[in-house]
Structures are given as C-alpha cells and as structure tokens.
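The next block is target_33.pdb, given as PDB, C-alpha atoms and all ligand atoms.
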```
ATOM      1  CA  MET D  13      27.547  43.759  -8.118
ATOM      2  CA  ALA D  14      26.722  44.063  -4.422
ATOM      3  CA  GLU D  15      28.529  46.672  -2.380
ATOM      4  CA  GLU D  16      31.396  45.288  -0.272
ATOM      5  CA  LEU D  17      31.019  46.195   3.385
ATOM      6  CA  VAL D  18      33.871  44.229   4.966
ATOM      7  CA  LEU D  19      37.062  42.839   3.475
ATOM      8  CA  MET D  20      39.460  40.937   5.712
ATOM      9  CA  ASP D  21      42.453  40.287   3.506
ATOM     10  CA  ASN D  22      45.089  37.632   4.175
ATOM     11  CA  VAL D  23      44.494  37.843   7.926
ATOM     12  CA  SER D  24      46.556  35.670  10.226
ATOM     13  CA  LYS D  25      46.619  35.206  13.964
ATOM     14  CA  TYR D  26      49.062  33.303  16.126
ATOM     15  CA  TYR D  27      48.424  32.576  19.788
ATOM     16  CA  GLY D  28      52.020  31.837  20.722
ATOM     17  CA  ARG D  29      52.802  28.942  18.392
ATOM     18  CA  VAL D  30      49.169  28.076  17.655
ATOM     19  CA  ARG D  31      48.142  29.298  14.210
ATOM     20  CA  ALA D  32      44.453  30.143  14.721
ATOM     21  CA  LEU D  33      44.078  32.030  11.405
ATOM     22  CA  ASP D  34      46.161  31.222   8.366
ATOM     23  CA  GLY D  35      45.874  33.822   5.584
ATOM     24  CA  VAL D  36      42.105  34.225   5.740
ATOM     25  CA  THR D  37      40.274  36.334   3.192
ATOM     26  CA  PHE D  38      36.682  36.989   4.192
ATOM     27  CA  ARG D  39      34.075  39.338   2.750
ATOM     28  CA  VAL D  40      30.657  40.573   3.797
ATOM     29  CA  PHE D  41      28.501  42.459   1.321
ATOM     30  CA  LYS D  42      25.852  45.023   2.102
ATOM     31  CA  ASN D  43      22.467  43.564   3.000
ATOM     32  CA  GLU D  44      23.477  39.946   3.348
ATOM     33  CA  ILE D  45      23.492  37.357   6.085
ATOM     34  CA  VAL D  46      26.682  35.298   6.037
ATOM     35  CA  GLY D  47      26.755  31.992   7.887
ATOM     36  CA  LEU D  48      30.206  31.220   9.306
ATOM     37  CA  LEU D  49      30.652  27.491   9.886
ATOM     38  CA  GLY D  50      33.461  25.212  10.980
ATOM     39  CA  ASP D  51      34.279  22.520  13.488
ATOM     40  CA  ASN D  52      35.507  23.259  17.010
ATOM     41  CA  GLY D  53      38.807  25.082  16.818
ATOM     42  CA  ALA D  54      38.427  25.978  13.112
ATOM     43  CA  GLY D  55      39.048  29.665  13.840
ATOM     44  CA  LYS D  56      35.545  31.200  13.659
ATOM     45  CA  SER D  57      35.656  32.975  17.028
ATOM     46  CA  THR D  58      39.162  34.236  16.387
ATOM     47  CA  LEU D  59      38.119  35.681  13.016
ATOM     48  CA  ILE D  60      35.148  37.436  14.629
ATOM     49  CA  LYS D  61      37.267  38.683  17.534
ATOM     50  CA  VAL D  62      39.752  40.198  15.092
ATOM     51  CA  LEU D  63      36.925  41.880  13.164
ATOM     52  CA  SER D  64      35.276  43.182  16.332
ATOM     53  CA  GLY D  65      38.544  44.543  17.724
ATOM     54  CA  ALA D  66      38.668  42.176  20.700
ATOM     55  CA  VAL D  67      41.884  40.533  19.459
ATOM     56  CA  ARG D  68      44.658  41.964  17.270
ATOM     57  CA  SER D  69      45.650  40.053  14.164
ATOM     58  CA  THR D  70      49.246  39.049  13.550
ATOM     59  CA  GLY D  71      49.052  39.995   9.871
ATOM     60  CA  GLY D  72      46.724  41.108   7.080
ATOM     61  CA  THR D  73      44.346  44.024   6.655
ATOM     62  CA  ILE D  74      40.729  44.934   7.346
ATOM     63  CA  SER D  75      38.808  47.333   5.123
ATOM     64  CA  ILE D  76      35.353  48.693   5.851
ATOM     65  CA  LYS D  77      33.474  50.150   2.871
ATOM     66  CA  GLY D  78      36.732  50.190   0.934
ATOM     67  CA  LYS D  79      38.759  52.024   3.587
ATOM     68  CA  LYS D  80      41.555  50.328   5.562
ATOM     69  CA  VAL D  81      40.838  50.339   9.284
ATOM     70  CA  ASP D  82      43.132  49.588  12.192
ATOM     71  CA  MET D  83      40.922  47.624  14.609
ATOM     72  CA  ARG D  84      42.696  48.197  17.894
ATOM     73  CA  SER D  85      39.713  47.897  20.210
ATOM     74  CA  THR D  86      36.021  47.081  20.303
ATOM     75  CA  ALA D  87      35.429  50.848  20.342
ATOM     76  CA  ASP D  88      37.147  51.048  16.916
ATOM     77  CA  ALA D  89      34.809  48.360  15.618
ATOM     78  CA  ILE D  90      31.706  50.100  16.994
ATOM     79  CA  ALA D  91      32.878  53.405  15.505
ATOM     80  CA  ASN D  92      33.071  51.574  12.171
ATOM     81  CA  GLY D  93      29.513  50.279  12.448
ATOM     82  CA  ILE D  94      30.280  46.772  13.717
ATOM     83  CA  GLU D  95      28.276  45.484  16.673
ATOM     84  CA  THR D  96      28.951  42.042  18.137
ATOM     85  CA  ILE D  97      26.315  40.163  20.070
ATOM     86  CA  TYR D  98      27.798  37.387  22.158
ATOM     87  CA  GLN D  99      25.780  34.552  23.649
ATOM     88  CA  ASP D 100      25.276  36.379  26.941
ATOM     89  CA  SER D 101      24.586  39.585  24.955
ATOM     90  CA  ALA D 102      26.299  41.860  27.493
ATOM     91  CA  LEU D 103      22.943  42.954  28.872
ATOM     92  CA  VAL D 104      22.461  43.981  32.490
ATOM     93  CA  THR D 105      19.750  41.685  33.827
ATOM     94  CA  GLN D 106      18.436  43.940  36.606
ATOM     95  CA  LEU D 107      17.972  46.957  34.313
ATOM     96  CA  SER D 108      14.894  47.469  32.143
ATOM     97  CA  ILE D 109      14.694  46.719  28.415
ATOM     98  CA  ALA D 110      14.714  50.474  27.726
ATOM     99  CA  ARG D 111      17.839  51.075  29.836
ATOM    100  CA  ASN D 112      19.633  48.141  28.237
ATOM    101  CA  LEU D 113      18.889  49.450  24.769
ATOM    102  CA  PHE D 114      20.689  52.677  25.542
ATOM    103  CA  LEU D 115      23.364  51.360  27.888
ATOM    104  CA  GLY D 116      26.287  53.817  27.814
ATOM    105  CA  ARG D 117      24.572  55.938  25.133
ATOM    106  CA  GLU D 118      21.593  57.313  27.098
ATOM    107  CA  PRO D 119      19.789  60.406  25.810
ATOM    108  CA  ILE D 120      20.138  63.321  28.234
ATOM    109  CA  LYS D 121      17.389  65.701  29.307
ATOM    110  CA  GLY D 122      18.653  69.210  29.414
ATOM    111  CA  PRO D 123      19.866  71.868  29.306
ATOM    112  CA  GLY D 124      20.261  72.455  32.998
ATOM    113  CA  PHE D 125      22.520  71.894  35.922
ATOM    114  CA  PHE D 126      21.154  68.468  36.725
ATOM    115  CA  ASN D 127      21.546  66.596  33.479
ATOM    116  CA  ARG D 128      19.300  63.593  33.726
ATOM    117  CA  MET D 129      18.632  60.647  31.521
ATOM    118  CA  ASP D 130      15.573  61.206  29.391
ATOM    119  CA  GLN D 131      13.514  58.262  30.640
ATOM    120  CA  ALA D 132      10.397  59.071  28.610
ATOM    121  CA  LYS D 133      12.390  59.330  25.389
ATOM    122  CA  MET D 134      14.171  56.032  26.071
ATOM    123  CA  GLU D 135      10.862  54.285  26.689
ATOM    124  CA  GLU D 136       9.255  55.739  23.586
ATOM    125  CA  VAL D 137      12.140  54.733  21.306
ATOM    126  CA  ALA D 138      12.427  51.316  22.981
ATOM    127  CA  THR D 139       8.748  50.553  22.393
ATOM    128  CA  ALA D 140       9.050  51.423  18.692
ATOM    129  CA  LEU D 141      12.240  49.367  18.390
ATOM    130  CA  LEU D 142      10.766  46.231  19.912
ATOM    131  CA  LYS D 143       7.963  46.470  17.404
ATOM    132  CA  ARG D 144      10.441  46.931  14.573
ATOM    133  CA  VAL D 145      12.605  43.997  15.558
ATOM    134  CA  GLY D 146       9.496  41.828  15.650
ATOM    135  CA  ILE D 147       8.876  40.937  19.284
ATOM    136  CA  SER D 148       5.243  40.065  18.929
ATOM    137  CA  LYS D 149       4.129  39.972  22.551
ATOM    138  CA  ASN D 150       3.287  43.215  24.284
ATOM    139  CA  ILE D 151       6.200  43.401  26.682
ATOM    140  CA  PRO D 152       6.427  46.744  28.535
ATOM    141  CA  VAL D 153       9.881  48.280  28.022
ATOM    142  CA  THR D 154      10.138  48.844  31.780
ATOM    143  CA  THR D 155      10.435  45.047  32.246
ATOM    144  CA  PRO D 156      13.832  43.995  33.651
ATOM    145  CA  ILE D 157      15.890  42.035  31.110
ATOM    146  CA  GLY D 158      16.287  39.274  33.701
ATOM    147  CA  SER D 159      12.660  38.258  33.290
ATOM    148  CA  LEU D 160      12.919  37.848  29.492
ATOM    149  CA  SER D 161      13.588  34.580  27.707
ATOM    150  CA  GLY D 162      16.914  33.942  25.979
ATOM    151  CA  GLY D 163      15.388  34.627  22.558
ATOM    152  CA  GLU D 164      13.865  37.907  23.690
ATOM    153  CA  ARG D 165      17.215  39.013  25.098
ATOM    154  CA  GLN D 166      18.798  38.343  21.708
ATOM    155  CA  ALA D 167      16.059  40.479  20.185
ATOM    156  CA  VAL D 168      16.842  43.370  22.528
ATOM    157  CA  ALA D 169      20.526  43.171  21.610
ATOM    158  CA  ILE D 170      19.678  43.087  17.889
ATOM    159  CA  ALA D 171      17.312  46.052  18.370
ATOM    160  CA  ARG D 172      20.143  47.997  20.006
ATOM    161  CA  ALA D 173      22.443  47.331  17.064
ATOM    162  CA  MET D 174      19.696  48.420  14.657
ATOM    163  CA  HIS D 175      18.965  51.611  16.563
ATOM    164  CA  PHE D 176      22.580  52.712  16.629
ATOM    165  CA  HIS D 177      22.781  52.078  12.883
ATOM    166  CA  SER D 178      25.361  49.326  12.951
ATOM    167  CA  ASP D 179      26.093  48.292   9.378
ATOM    168  CA  LEU D 180      27.147  44.839  10.511
ATOM    169  CA  ILE D 181      25.683  42.776  13.336
ATOM    170  CA  ILE D 182      27.770  39.784  14.394
ATOM    171  CA  LEU D 183      25.795  37.058  16.143
ATOM    172  CA  ASP D 184      27.869  34.424  17.897
ATOM    173  CA  GLU D 185      25.751  31.327  18.567
ATOM    174  CA  PRO D 186      22.504  33.301  19.053
ATOM    175  CA  THR D 187      20.322  30.191  19.017
ATOM    176  CA  ASN D 188      22.391  28.211  21.517
ATOM    177  CA  ASN D 189      20.265  26.737  24.323
ATOM    178  CA  LEU D 190      17.022  28.097  22.838
ATOM    179  CA  GLY D 191      13.824  26.132  22.287
ATOM    180  CA  VAL D 192      12.191  25.666  18.892
ATOM    181  CA  ALA D 193       9.804  28.654  19.073
ATOM    182  CA  GLU D 194      12.497  30.926  20.497
ATOM    183  CA  THR D 195      14.943  29.914  17.784
ATOM    184  CA  GLN D 196      12.366  30.751  15.128
ATOM    185  CA  GLY D 197      11.954  34.143  16.814
ATOM    186  CA  VAL D 198      15.690  34.884  16.682
ATOM    187  CA  LEU D 199      15.874  33.793  13.035
ATOM    188  CA  ARG D 200      13.014  36.193  12.307
ATOM    189  CA  PHE D 201      14.824  39.058  14.089
ATOM    190  CA  VAL D 202      17.925  38.372  12.009
ATOM    191  CA  ARG D 203      15.903  38.456   8.776
ATOM    192  CA  ASN D 204      14.289  41.718   9.895
ATOM    193  CA  ALA D 205      17.712  43.209  10.534
ATOM    194  CA  ARG D 206      18.808  42.239   6.999
ATOM    195  CA  ASP D 207      15.577  43.529   5.473
ATOM    196  CA  THR D 208      16.082  46.916   7.127
ATOM    197  CA  GLY D 209      19.514  47.355   5.581
ATOM    198  CA  HIS D 210      21.923  45.650   8.000
ATOM    199  CA  SER D 211      24.380  42.874   7.193
ATOM    200  CA  CYS D 212      24.863  39.975   9.609
ATOM    201  CA  ILE D 213      27.440  37.317  10.343
ATOM    202  CA  PHE D 214      25.725  34.348  11.911
ATOM    203  CA  ILE D 215      27.790  31.715  13.719
ATOM    204  CA  ALA D 216      25.991  28.574  14.859
ATOM    205  CA  HIS D 217      26.883  24.968  15.444
ATOM    206  CA  ASN D 218      23.403  23.951  14.311
ATOM    207  CA  ILE D 219      23.728  23.853  10.520
ATOM    208  CA  HIS D 220      19.941  23.685  10.109
ATOM    209  CA  HIS D 221      19.523  27.097  11.765
ATOM    210  CA  VAL D 222      22.177  28.507   9.454
ATOM    211  CA  PHE D 223      20.432  27.031   6.409
ATOM    212  CA  GLU D 224      17.155  28.631   7.402
ATOM    213  CA  VAL D 225      18.430  32.171   7.580
ATOM    214  CA  VAL D 226      21.651  32.881   5.678
ATOM    215  CA  ASP D 227      22.222  34.060   2.108
ATOM    216  CA  ARG D 228      25.744  32.626   1.842
ATOM    217  CA  ILE D 229      27.814  30.111   3.792
ATOM    218  CA  VAL D 230      31.542  30.431   4.516
ATOM    219  CA  VAL D 231      33.329  27.377   5.909
ATOM    220  CA  MET D 232      36.562  27.404   7.906
ATOM    221  CA  ARG D 233      38.830  24.465   8.653
ATOM    222  CA  GLN D 234      42.100  24.583  10.607
ATOM    223  CA  GLY D 235      42.430  28.354  10.424
ATOM    224  CA  LYS D 236      41.663  28.613   6.708
ATOM    225  CA  VAL D 237      38.587  29.488   4.680
ATOM    226  CA  VAL D 238      37.904  26.363   2.603
ATOM    227  CA  ALA D 239      34.671  27.557   0.941
ATOM    228  CA  ASP D 240      33.251  31.043   0.756
ATOM    229  CA  ASP D 241      30.381  30.949  -1.673
ATOM    230  CA  ILE D 242      27.987  28.181  -0.703
ATOM    231  CA  ASP D 243      24.382  29.013  -1.540
ATOM    232  CA  PRO D 244      22.156  27.223   1.004
ATOM    233  CA  LYS D 245      19.328  27.155  -1.532
ATOM    234  CA  LYS D 246      21.438  25.156  -3.962
ATOM    235  CA  THR D 247      23.055  22.601  -1.660
ATOM    236  CA  THR D 248      22.336  20.137   1.131
ATOM    237  CA  VAL D 249      23.217  20.040   4.815
ATOM    238  CA  ARG D 250      25.104  16.802   4.122
ATOM    239  CA  HIS D 251      27.320  18.488   1.529
ATOM    240  CA  VAL D 252      28.139  21.323   3.938
ATOM    241  CA  GLU D 253      29.001  18.760   6.630
ATOM    242  CA  GLU D 254      31.455  17.201   4.185
ATOM    243  CA  VAL D 255      33.069  20.601   3.566
ATOM    244  CA  ILE D 256      33.271  21.305   7.323
ATOM    245  CA  THR D 257      34.907  18.002   8.193
ATOM    246  CA  GLY D 258      36.831  17.454   4.970
ATOM    247  CA  MET D 259      35.351  13.933   4.899
ATOM    248  CA  SER D 260      33.345  12.246   2.159
ATOM    249  CA  GLU D 261      29.817  11.006   2.836
ATOM    250  CA  SER D 262      30.977   7.394   3.359
ATOM    251  CA  GLU D 263      33.806   8.489   5.678
ATOM    252  CA  LEU D 264      31.289  10.573   7.639
ATOM    253  CA  ARG D 265      28.953   7.600   7.925
ATOM    254  CA  SER D 266      31.660   5.285   9.212
ATOM    255  CA  ALA D 267      32.902   7.974  11.650
ATOM    256  CA  VAL D 268      29.376   8.206  13.080
ATOM    257  CA  ALA D 269      29.098   4.403  13.266
ATOM    258  CA  HIS D 270      32.283   4.053  15.354
TER
HETATM  259  N1  LIG N 301      43.330  32.738  23.745
HETATM  260  C1  LIG N 301      43.842  31.688  23.110
HETATM  261  N2  LIG N 301      45.075  31.228  23.419
HETATM  262  C2  LIG N 301      45.614  30.193  22.753
HETATM  263  N3  LIG N 301      45.017  29.513  21.761
HETATM  264  C3  LIG N 301      43.779  29.911  21.416
HETATM  265  C4  LIG N 301      43.130  31.007  22.069
HETATM  266  N4  LIG N 301      41.909  31.178  21.499
HETATM  267  C5  LIG N 301      41.802  30.235  20.538
HETATM  268  N5  LIG N 301      42.913  29.472  20.488
HETATM  269  C6  LIG N 301      43.177  28.372  19.538
HETATM  270  O1  LIG N 301      42.992  28.872  18.229
HETATM  271  C7  LIG N 301      42.332  27.901  17.415
HETATM  272  C8  LIG N 301      41.043  28.494  16.849
HETATM  273  O2  LIG N 301      40.112  28.675  17.926
HETATM  274  P1  LIG N 301      38.705  29.402  17.774
HETATM  275  O3  LIG N 301      38.143  29.569  19.149
HETATM  276  O4  LIG N 301      38.858  30.612  16.941
HETATM  277  O5  LIG N 301      37.861  28.319  16.972
HETATM  278  P2  LIG N 301      36.290  28.211  16.735
HETATM  279  O6  LIG N 301      36.122  27.807  15.324
HETATM  280  O7  LIG N 301      35.611  29.439  17.186
HETATM  281  O8  LIG N 301      35.900  26.998  17.692
HETATM  282  P3  LIG N 301      34.559  26.750  18.560
HETATM  283  O9  LIG N 301      33.503  26.411  17.575
HETATM  284  O10 LIG N 301      34.950  25.588  19.396
HETATM  285  O11 LIG N 301      34.274  27.977  19.346
HETATM  286  C9  LIG N 301      42.140  26.669  18.295
HETATM  287  O12 LIG N 301      43.225  25.805  18.068
HETATM  288  C10 LIG N 301      42.186  27.233  19.688
HETATM  289  O13 LIG N 301      42.624  26.270  20.608
END
```
Could I get this file's structure written as structure tokens?
Ligand SMILES: Nc1ncnc2c1ncn2[C@@H]1O[C@H](COP(=O)(O)OP(=O)(O)OP(=O)(O)O)[C@@H](O)[C@H]1O
Amino acid sequence: MAEELVLMDNVSKYYGRVRALDGVTFRVFKNEIVGLLGDNGAGKSTLIKVLSGAVRSTGGTISIKGKKVDMRSTADAIANGIETIYQDSALVTQLSIARNLFLGREPIKGPGFFNRMDQAKMEEVATALLKRVGISKNIPVTTPIGSLSGGERQAVAIARAMHFHSDLIILDEPTNNLGVAETQGVLRFVRNARDTGHSCIFIAHNIHHVFEVVDRIVVMRQGKVVADDIDPKKTTVRHVEEVITGMSESELRSAVAH
C-alpha cells in the first residue's frame, strides 16, 4: 500500500452563503501525480487554496504524513513540504534564473561583517537544477526570467520546489497559454519531479494534458468529490467528461449541438 502524504478529511468551505467545498475527502499518496478536474466553479481552486494555506477551511481536517496540521498560512504549507506554483509562478521577471530559484532563501557568504549572497553557489546549484528538471537548451542561469518562455518559467518554479525538497508540488493550470512543444516540456518536468520522489497535484482544463501525465484522476462537481480513483490508462477522455459534467454521452452531444 502506498504511503499517504496528504489527507484532507471532510473539508468544507463557505464564502458567505456560497458553499465552495462540501465535505471533501481528498488524498495524495507519495510519488504520484494526481489530476484534479472539474468544471468552472467546481471547487478545485478552493481545495488547493485550503491545502496551500491561502484560505482557511470552514470545517474538516488536514493531515500530512499522518499528522494533523493547522494550515493557517502559506508559510505553514511550505513548512510542511507543500509548494504551490500558480500560473504566473510568482517569479520576479527582472531577476536572473539563479536569483529566482533562491528567492527569499538565498545562501549567504560569510562569516563576516558584510554578509553577502553567495552568487557563485547560487549559480552552481541553479545550473545543476536546470539540468535535473530537464531544460534541454543551454540557458545560462544569469538570464533574466523575463526572457524565458512560459514553459521554461514553469520549469524554474518546479526546480525551486524540487531543490527545497517539497514533498508535494501543486501546479495550477501550468500548461495554460502554452504551445504544443512547451506543453510537452512542462509535462516532462512534472514527470521528472515525480520520478525524483515528489508528489504533484495537476490542475488543468485541458483533459488531454491531464491524461498524458497523471497517475490518478479526481473529479469535483459542485463542491464535492464525485470520483477519486480514475485510472487514465483504463478509461477514455469521453468518460471523464461525463463524470465532470454529470451528463451522459448523448446529453453531452446534444449540449454541444445546441
Ligand atoms: N473569494 C470568493 N468569494 C466568494 N465566492 C467564491 C470565492 N472564490 C470562489 N468562490 C465560489 O466558490 C465556488 C468554487 O470556486 P472555485 O474557484 O474553487 O472553483 P474552480 O473549480 O477552481 O473553478 P475554475 O475552474 O473556474 O477556476 C464557485 O461558486 C465560486 O464562485
């Protein structure tokens, strides 16, 4: 039996009178990529925000590696090995790749009165990390993030999570607005992260991208988990669309026709 990394148990969240999460139980095991799917407003972002400490739940519990954790802030989540990569990746575009990798956690050169960031060390580690995450081109780590493509920026963010030993990397729409080659790159980075011992939650509106990379699919509808053990190797995109919408194939076809 795989080791349980995250257990969100009976979690609910109200925004005023809107019930965004309704008794959700959600698990992530060690070394797996979970695809989180659902229509607009299904509750995916809210679930991820609760897990990453950005939003407080109204009820329920979160356990990490079997221990109950009170996620009061994103700092709590990071301290518990959870790193969230949002679409814009929270990278500073004018700073170099190396600086972005260490943002807020820079190695210091010392001892001495003038503690300075250890630039050489950052560049050395950054170069090794880019190789590890699978950026194939030879991009110098002194390059400003602003001149990288969207896919490469995702890679830098994933590399940062890997370096700081996050157990869980949450990727919210990482392939949004990316071209075909770039998307393939991001999917490769995600697989690399899994293969080096990290778990991932992958949220994407494009079901095909999810199918290509995840080990298990969880589907949410109207604040509830309606399926939590779909094996993409044993099902079809059409079936998952039916689960997401709650419509049969013929209903889906007539909805598209109208
Ligand atoms: N800050 C907020 N205040 C009030 N209601 C909110 C807030 N955030 C989300 N909601 C509501 O909670 C429900 C779940 O929204 P959520 O953003 O979690 O869904 P989602 O599955 O991530 O959707 P999408 O795919 O469109 O991002 C929706 O009804 C939404 O309108």
- Note on the structure: Closest of D:Ile215, D:Val222, D:Ala173, D:Val40 to ligand LIG 301 (chain N), counting all atoms listed in the file, is D:Ile215
- Task: Grab the atom CA of D:Val230 to atom CA of D:Lys25 distance for me, in Å with one decimal place.
- Result: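 Distance between the two atoms: 18.4 Å.
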- Item | Shortest interatomic distance to D:Glu16 - which of D:Met259, D:Val249, D:Leu180, D:Met129, counting only C-alpha atoms | D:Leu180
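Taking atom CA of D:Lys143 as the reference point, atom CA of D:Gly47 is found at 25.6 Å.
The spacing separating atom CA of D:Leu190 from atom CA of D:Leu103 amounts to 17.1 Å.
Proximity ranking of D:Lys56, D:Lys77, D:Arg172, D:His217 relative to D:Phe201 places D:Arg172 first, based on all atoms listed in the file.
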- For D:Gln106, which residue out of D:Gly158, D:Ser64, D:Glu194, D:Ile76 is the nearest one, using all atoms listed in the file?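 Checking each of D:Gly158, D:Ser64, D:Glu194, D:Ile76 against D:Gln106, counting all atoms listed in the file, the winner is D:Gly158.
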- Compile the contact shell of D:Thr70 as a ChimeraX atom specification: residues with an atom at most 10 Å away, counting all atoms listed in the file, same-chain residues fewer than 5 positions apart removed. /D:23-27,31,33-34,62
- Query: Counting all atoms listed in the file, what residues are within 10 Å of ligand LIG 301 (chain N), given as a PyMOL selection string?
  - Reply: chain D and resi 25-33+48-62+67+184-185+215-217+231-235
